[in-house]
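Input: a single structure, listed below in structure tokens.
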Protein chains: 10
Amino acid sequence: MPDRSLLDTFPTPADAPFIIEHVHDDFTSLCPMTGHPDFGQVTVRFCPTPADAGGTCVELKSLKLYFHSFRQEGIFYEAVTNRIRDDLADVMKPIWLQVITQWRGRGGIRSRIIAVMGEVPPEWRQG
Amino acid sequence: MPDRSLLDTFPTPADAPFIIEHVHDDFTSLCPMTGHPDFGQVTVRFCPTPADAGGTCVELKSLKLYFHSFRQEGIFYEAVTNRIRDDLADVMKPIWLQVITQWRGRGGIRSRIIAVMGEVPPEWRQG
Amino acid sequence: MPDRSLLDTFPTPADAPFIIEHVHDDFTSLCPMTGHPDFGQVTVRFCPTPADAGGTCVELKSLKLYFHSFRQEGIFYEAVTNRIRDDLADVMKPIWLQVITQWRGRGGIRSRIIAVMGEVPPEWRQG
Amino acid sequence: MPDRSLLDTFPTPADAPFIIEHVHDDFTSLCPMTGHPDFGQVTVRFCPTPADAGGTCVELKSLKLYFHSFRQEGIFYEAVTNRIRDDLADVMKPIWLQVITQWRGRGGIRSRIIAVMGEVPPEWRQG
Amino acid sequence: MPDRSLLDTFPTPADAPFIIEHVHDDFTSLCPMTGHPDFGQVTVRFCPTPADAGGTCVELKSLKLYFHSFRQEGIFYEAVTNRIRDDLADVMKPIWLQVITQWRGRGGIRSRIIAVMGEVPPEWRQG
Amino acid sequence: MPDRSLLDTFPTPADAPFIIEHVHDDFTSLCPMTGHPDFGQVTVRFCPTPADAGGTCVELKSLKLYFHSFRQEGIFYEAVTNRIRDDLADVMKPIWLQVITQWRGRGGIRSRIIAVMGEVPPEWRQG
Amino acid sequence: MPDRSLLDTFPTPADAPFIIEHVHDDFTSLCPMTGHPDFGQVTVRFCPTPADAGGTCVELKSLKLYFHSFRQEGIFYEAVTNRIRDDLADVMKPIWLQVITQWRGRGGIRSRIIAVMGEVPPEWRQG
Amino acid sequence: MPDRSLLDTFPTPADAPFIIEHVHDDFTSLCPMTGHPDFGQVTVRFCPTPADAGGTCVELKSLKLYFHSFRQEGIFYEAVTNRIRDDLADVMKPIWLQVITQWRGRGGIRSRIIAVMGEVPPEWRQG
Amino acid sequence: MPDRSLLDTFPTPADAPFIIEHVHDDFTSLCPMTGHPDFGQVTVRFCPTPADAGGTCVELKSLKLYFHSFRQEGIFYEAVTNRIRDDLADVMKPIWLQVITQWRGRGGIRSRIIAVMGEVPPEWRQG
Amino acid sequence: MPDRSLLDTFPTPADAPFIIEHVHDDFTSLCPMTGHPDFGQVTVRFCPTPADAGGTCVELKSLKLYFHSFRQEGIFYEAVTNRIRDDLADVMKPIWLQVITQWRGRGGIRSRIIAVMGEVPPEWRQG
């Protein structure tokens with residue numbers, strides 16, 4: 001089941017603000033109503049708290065394993081999206097965090113969910 | 001016939017505002033004048049009332065079955081669009097709701113109907 | 001001949017404002033000078049008066065038959081456009097109405113006519 | 001020779017302002033210097049004076065014949081453009097009028113002439 | 001050699017301001033250093049002084065012959081561009097004049113020269 | 001291992017500000033968790049400190065060798081990006097520096113990291 | 001070796017400001033570290049000082065020969081760009097000068113350098 | 001339910017062989033296992049028996065109503081395809097008949113079924 | 001685990017040969033070496049044994065559930081492909097069967113496996 | 001260094017012939033002349049010896065590690081390609097084997113190398 005403890009972090013490797021984007025194309029969980037598999041893409045963007053403020057970044061392999069931990073979980077799209085936002089917000093306490101999930105359709109319906117935390121930083125606009 | 005009672009909800013899984021978009025490509029109902037089938041796409045976008053205010057989100061399978069309940073209904077495009085908006089507004093009471101239907105033509109006329117409730121939230125612009 | 005009485009309406013199915021767009025690709029009438037056929041596209045967009053103010057919407061099949069009633073009519077492009085706007089304005093009394101006709105050429109001249117009534121509503125911008 | 005009297009008009013079929021655009025791809029006149037034929041496209045856009053102010057619109061077949069009356073005329077591009085603007089302005093007295101001619105080259109020179117009368121109306125922007 | 005006296009003008013055929021653009025694809029002159037031929041495109045745009053102020057427009061055939069008069073002239077791109085601007089400015093005294101030359105390469109270098117006189121008029125933006 | 005001492009510089013060849021962009025498509029390092037190779041693109045943009053202020057620019061071959069020095073290093077994406085920014089900032093002390101890394105996926109996750117130093121200079125906008 | 005003395009000029013052929021752009025696709029010099037050839041595109045844009053202020057423009061054939069004089073020179077991209085800017089600035093003393101070099105890659109790194117002098121003039125925007 | 005008697009025909013209007021293709025984008029039936037709606041595209045291609053051999057062609061409006069008669073039928077994709085082939089073969093007895101159905105996915109599986117009768121005629125290869 | 005007994009069939013609905021293609025975009029199983037999830041697309045094409053020879057076709061929902069039964073199975077790509085071919089061959093005994101799997105990459109390697117049974121039928125070439 | 005012993009195999013999971021294709025986009029080795037890194041894509045296609053003849057298939061993770069073992073090896077493109085073919089042929093003894101390498105350029109030259117063993121099987125043509 002989704003397991004926040006899988007999320008490892010490492011100290012932010014910089015005092016200056018910077019931006020990180022991770023895109024995972026093969027997310028899968030189960031529909032809580034039917035048990036059938038759901039498939040989607042998860043995009044995570046964040047600006048970590050700087051090193052001198054004790055900030056951390058999520059480690060990529062642990063993020064992959066954390067995503068895998070949803071594999072057998074019956075959970076709504078909306079809950080997936082907010083769960084990822086909340087778990088990442090808790091373990092990293094970033095300055096800005098945006099989680100977007102896009103789902104390849106169940107019952108003929110395609111869905112997209114957007115959850116955010118904080119303001120869009122200027123560095124994102126520069127990239 | 002269209003049956004609002006088919007719409008199930010579950011508690012909004014977050015206190016922070018977020019955005020949900022569902023797109024259904026295979027909506028079908030009947031023309032109330034001729035009985036011929038109509039075919040269209042339904043897009044539903046909303047920002048649910050947060051969890052701490054008792055908000056709910058529509059459950060996806062129930063949304064599919066609700067859409068299917070229009071299959072043998074003789075109903076105007078305009079009524080379909082407003083009916084969906086009203087039914088979703090009633091069962092969810094969201095902060096923002098937008099329903100767009102696009103119809104693949106009847107009698108040589110292509111149509112598009114837009115019904116809204118509330119103001120466009122900033123999270124929609126960020127996604 | 002163009003026959004406004006062909007236009008049926010049904011009560012606006014909502015108290016909240018919404019937007020309707022109908023596009024007809026195969027409009028045809030006759031040139032009033034030469035009797036030759038004209039061919040064009042008619043786009044109708046409107047925001048109906050709400051239900052609680054006694055508003056109505058044009059019924060689609062009747063709109064098709066109304067468009068067909070121009071088939072043997074010798075009538076100027078400009079008159080077609082304003083006639084449609086006026087007829088639809090009279091039978092519906094909408095908040096906003098826009099009629100655009102595009103003509104595929106007569107005597108080597110391609111034409112486009114735009115007639116409006118009321119201000120562009122915010123819902124149109126949202127869609 | 002160009003003959004303004006060929007331009008017929010009919011009463012503006014509406015009291016509300018609206019926009020008309022006519023595009024003629026096969027305009028031809030003669031070079032006043034060499035007698036060689038010139039070929040071009042003429043675009044006419046206008047907002048007629050409303051019906052209740054006694055406004056008129058140019059009739060399309062007469063516009064075509066008027067354009068044809070330039071066929072044997074030796075006349076400069078600039079004069080064609082202003083002549084059309086002046087003639088149409090005189091017979092219609094519109095609120096706004098724009099005439100654009102584009103010429104497919106004479107002596108290896110392609111030309112475009114723009115003549116206007118009045119301010120661009122908001123209806124043009126809506127279409 | 002370039003001969004301003006070749007430029008004929010005719011009285012501006014209108015009192016209202018309008019815009020004229022001439023594009024000549026086959027301009028040729030000689031490189032003043034090597035004697036090799038140069039080939040380029042010349043674009044001339046202007047707003048003539050109105051008729052009631054005694055304005056004139058350049059006559060197209062004379063413009064062509066004027067362009068041809070550069071054929072055996074050894075002259076720099078920059079001088080061509082300014083010479084055309086100066087000659088046209090002198091014979092027409094327009095309200096606005098813009099001359100752009102684009103050259104198809106000499107010694108592996110492609111060039112573009114822009115010379116202007118006066119402010120861009122609003123009519124240019126409308127076209 | 002990543003070796004800043006590989007970075008050679010040469011005196012900024014100008015007193016006026018200017019902009020430099022280097023794009024390296026074949027960056028590779030090792031995942032610090034698994035030892036598996038990572039592959040990505042590195043974009044470096046900077047405005048050097050002018051010559052009269054003692055500024056320097058990074059030498060391109062040394063930059064290539066510096067990038068190669070990450071080949072056997074186990075290092076996080078985020079650290080690579082900030083390390084490059086910090087190393088380049090230290091050896092060059094530029095007015096503006098932007099480092100963007102894009103990674104072709106590890107564990108099914110594609111990543112992009114953006115690190116900056118200083119304000120975007122006007123010269124970048126002009127190019 | 002790069003030889004500024006190759007740059008010939010001629011008096012600016014106008015008192016009014018105008019814009020010149022030269023693009024050279026086949027610039028080549030040598031890497032100062034390895035002696036291998038570098039290939040790139042050079043774009044030069046400038047607004048010359050007017051004739052009545054004693055301004056001059058660079059002569060095109062001399063510019064070509066000047067570019068050719070880099071062929072056997074071991075020189076950094078940055079130095080090429082600034083050298084060209086400085087040499088052209090010195091021989092012409094223009095109002096505005098912009099030099100952009102784009103390099104097709106050495107050691108797997110593609111580069112672009114932008115050097116400017118003065119403010120972007122309004123004539124550049126008009127073209 | 002699917003009703004072959006809805007299919008009307010008319011005599012083939014030619015003695016020479018020719019080819020007819022009808023594509024219906026909005027076919028819908030029900031899954032016989034779940035009762036959920038299926039949506040697909042039906043392509044019918046045939047070469048009718050010539051007029052002098054007593055051949056017939058299917059009438060288009062009757063074909064539409066025949067397709068509509070599947071709307072509430074629980075039937076497999078494979079049976080739909082063969083049923084259409086058999087019904088059309090029986091009422092028309094064509095020389096060649098090909099029915100292709102493409103289904104927009106149920107349970108994440110997209111399907112395509114091809115049923116034929118007779119040999120591909122040379123006329124089809126020419127189109 | 002992969003469970004052939006999940007595969008239901010129904011009698012082939014035709015005596016004439018025809019072709020069926022099913023494409024499943026969201027197949028997932030586990031790597032038998034690492035336990036990490038694999039993701040791929042499965043394409044199944046077959047020509048069933050005709051009805052009068054006692055042939056059967058695989059039922060679509062059962063095929064979906066059969067695919068889902070690989071979700072927690074540690075199995076090589078090659079074994080998945082042959083397993084699907086063998087299971088479908090056994091339950092349907094078709095005239096022709098082709099199974100193609102395409103995998104979205106594990107460890108930076110994309111794979112495709114093709115397993116067949118029987119000869120390609122002419123109907124496949126017609127579609 | 002390249003290490004054949006890293007290649008693990010597992011018994012071919014079928015008696016019938018089938019085809020396997022693996023594509024690795026991020027192969028890297030070192031140039032034996034300069035020590036600089038080379039980057040390329042490796043495609044491996046084979047038809048394994050069937051199970052009942054004792055055939056084996058290469059295991060994917062071991063193939064990845066085998067590819068990684070070239071990372072610090074100074075080796076020519078041609079030698080890489082043949083080495084992979086020879087090593088895979090030895091550990092699998094397949095019926096057919098094809099190895100294609102494509103290299104992203106060193107010194108401005110892009111290369112492709114093809115090495116094969118055995119005849120192309122008919123199954124490859126069907127996919």
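If you're wondering about the labels, chains in the structure tokens are A, B, ... by order shown, residues count from 1 in each chain, ligands from 1 in order shown.
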
How close does each residue of chain G get to chain F, giving the shortest atom pair and distance in Å to one decimal for every residue with an atom at most 8 Å away, counting only C-alpha atoms, sorted by chain and residue number, as a Markdown table?
| residue | atom | partner | partner_atom | distance |
| --- | --- | --- | --- | --- |
| G:Met33 | CA | F:Lys61 | CA | 7.3 |
| G:Phe76 | CA | F:Glu59 | CA | 7.8 |
| G:Glu78 | CA | F:Pro13 | CA | 6.9 |
| G:Ala79 | CA | F:Pro13 | CA | 5.4 |
| G:Asn82 | CA | F:Ala14 | CA | 6.1 |
| G:Arg83 | CA | F:Pro13 | CA | 7.7 |
| G:Ile100 | CA | F:Gly127 | CA | 7.3 |
| G:Gly107 | CA | F:Lys64 | CA | 6.5 |
| G:Gly108 | CA | F:His24 | CA | 5.9 |
| G:Ile109 | CA | F:His24 | CA | 4.5 |
| G:Arg110 | CA | F:Val23 | CA | 5.0 |
| G:Ser111 | CA | F:His22 | CA | 4.4 |
| G:Arg112 | CA | F:Glu21 | CA | 5.0 |
| G:Ile113 | CA | F:Ile20 | CA | 4.5 |
| G:Ile114 | CA | F:Ile19 | CA | 4.9 |
| G:Ala115 | CA | F:Phe18 | CA | 4.5 |
| G:Val116 | CA | F:Phe18 | CA | 6.6 |
| G:Met117 | CA | F:Ala16 | CA | 7.5 |

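Excluding Leu30 of chain J and any residue on its chain fewer than 4 positions from it, the residues at most 12 Å away by only C-alpha atoms are F:His68, F:Arg71, J:Met1, J:Pro2, J:Thr34, J:Gly35, J:His36, J:Pro37, J:Asp38, J:Phe39, J:Gly40, J:His68, J:Ser69, J:Phe70, J:Arg71, J:Gln72, J:Glu73, J:Gly74, J:Ile75, J:Phe76, J:Tyr77, J:Ala79, J:Val80, J:Arg106.
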
Write the residues you've just listed into a file as a PDB file, in the first residue's frame, and include C-alpha atoms for each of them.
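The resulting file, again-v1.pdb, is reproduced below:
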ATOM      1  CA  HIS F  68      33.566  13.830 -18.714  1.00  0.00           C
ATOM      2  CA  ARG F  71      31.458   9.758 -15.937  1.00  0.00           C
TER       3      ARG F  71
ATOM      4  CA  MET J   1      35.868  -4.001 -19.409  1.00  0.00           C
ATOM      5  CA  PRO J   2      33.469  -5.861 -21.712  1.00  0.00           C
ATOM      6  CA  THR J  34      41.624   9.636 -27.794  1.00  0.00           C
ATOM      7  CA  GLY J  35      39.984   8.189 -24.713  1.00  0.00           C
ATOM      8  CA  HIS J  36      36.945  10.407 -25.296  1.00  0.00           C
ATOM      9  CA  PRO J  37      33.498   8.892 -24.741  1.00  0.00           C
ATOM     10  CA  ASP J  38      31.417   7.530 -27.640  1.00  0.00           C
ATOM     11  CA  PHE J  39      27.621   7.360 -27.480  1.00  0.00           C
ATOM     12  CA  GLY J  40      25.292   5.170 -29.537  1.00  0.00           C
ATOM     13  CA  HIS J  68      27.466  -1.153 -19.081  1.00  0.00           C
ATOM     14  CA  SER J  69      30.713  -3.148 -18.967  1.00  0.00           C
ATOM     15  CA  PHE J  70      31.857  -1.335 -22.133  1.00  0.00           C
ATOM     16  CA  ARG J  71      31.648   2.011 -20.316  1.00  0.00           C
ATOM     17  CA  GLN J  72      35.359   2.400 -19.618  1.00  0.00           C
ATOM     18  CA  GLU J  73      36.624   0.289 -22.559  1.00  0.00           C
ATOM     19  CA  GLY J  74      38.619   1.888 -25.364  1.00  0.00           C
ATOM     20  CA  ILE J  75      37.202   0.096 -28.398  1.00  0.00           C
ATOM     21  CA  PHE J  76      36.352   0.827 -32.050  1.00  0.00           C
ATOM     22  CA  TYR J  77      32.692   0.982 -33.205  1.00  0.00           C
ATOM     23  CA  ALA J  79      34.791  -4.028 -32.647  1.00  0.00           C
ATOM     24  CA  VAL J  80      31.888  -3.202 -30.315  1.00  0.00           C
ATOM     25  CA  ARG J 106      32.728  11.796 -33.216  1.00  0.00           C
TER      26      ARG J 106
END

List every residue of segment 36-67 of chain H that DSSP, applied to the backbone of this structure, assigns to strand (DSSP E or B), and report them as a PyMOL selection string. chain H and resi 37-47+56-58

Could you write out that same residue set with C-alpha atoms as a PDB file, in the first residue's frame?
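Output saved as out_25.pdb:
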ATOM      1  CA  PRO H  37     -22.256   0.472 -24.105  1.00  0.00           C
ATOM      2  CA  ASP H  38     -19.726  -0.214 -26.853  1.00  0.00           C
ATOM      3  CA  PHE H  39     -18.774   2.433 -29.419  1.00  0.00           C
ATOM      4  CA  GLY H  40     -17.141   1.898 -32.762  1.00  0.00           C
ATOM      5  CA  GLN H  41     -16.724   2.740 -36.403  1.00  0.00           C
ATOM      6  CA  VAL H  42     -18.230   0.549 -39.127  1.00  0.00           C
ATOM      7  CA  THR H  43     -16.789   0.577 -42.633  1.00  0.00           C
ATOM      8  CA  VAL H  44     -18.758  -1.172 -45.392  1.00  0.00           C
ATOM      9  CA  ARG H  45     -17.225  -1.607 -48.847  1.00  0.00           C
ATOM     10  CA  PHE H  46     -18.826  -3.499 -51.697  1.00  0.00           C
ATOM     11  CA  CYS H  47     -19.010  -4.052 -55.404  1.00  0.00           C
ATOM     12  CA  THR H  56     -29.154  -4.035 -55.929  1.00  0.00           C
ATOM     13  CA  CYS H  57     -27.485  -1.477 -53.626  1.00  0.00           C
ATOM     14  CA  VAL H  58     -28.388  -0.780 -50.018  1.00  0.00           C
TER      15      VAL H  58
END

In segment 12-125 of chain G, DSSP helix (DSSP H, G or I) residues written as a PyMOL selection string: chain G and resi 51-53+60-68+77-92+122-125

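The gap separating atom CA of Thr28 of chain E from atom CA of Trp103 of chain E is 9.4 Å, in Å to one decimal.
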
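Our summary of the geometry notes that atom CA of Tyr66 of chain B is positioned 23.7 Å from atom CA of Pro50 of chain B.
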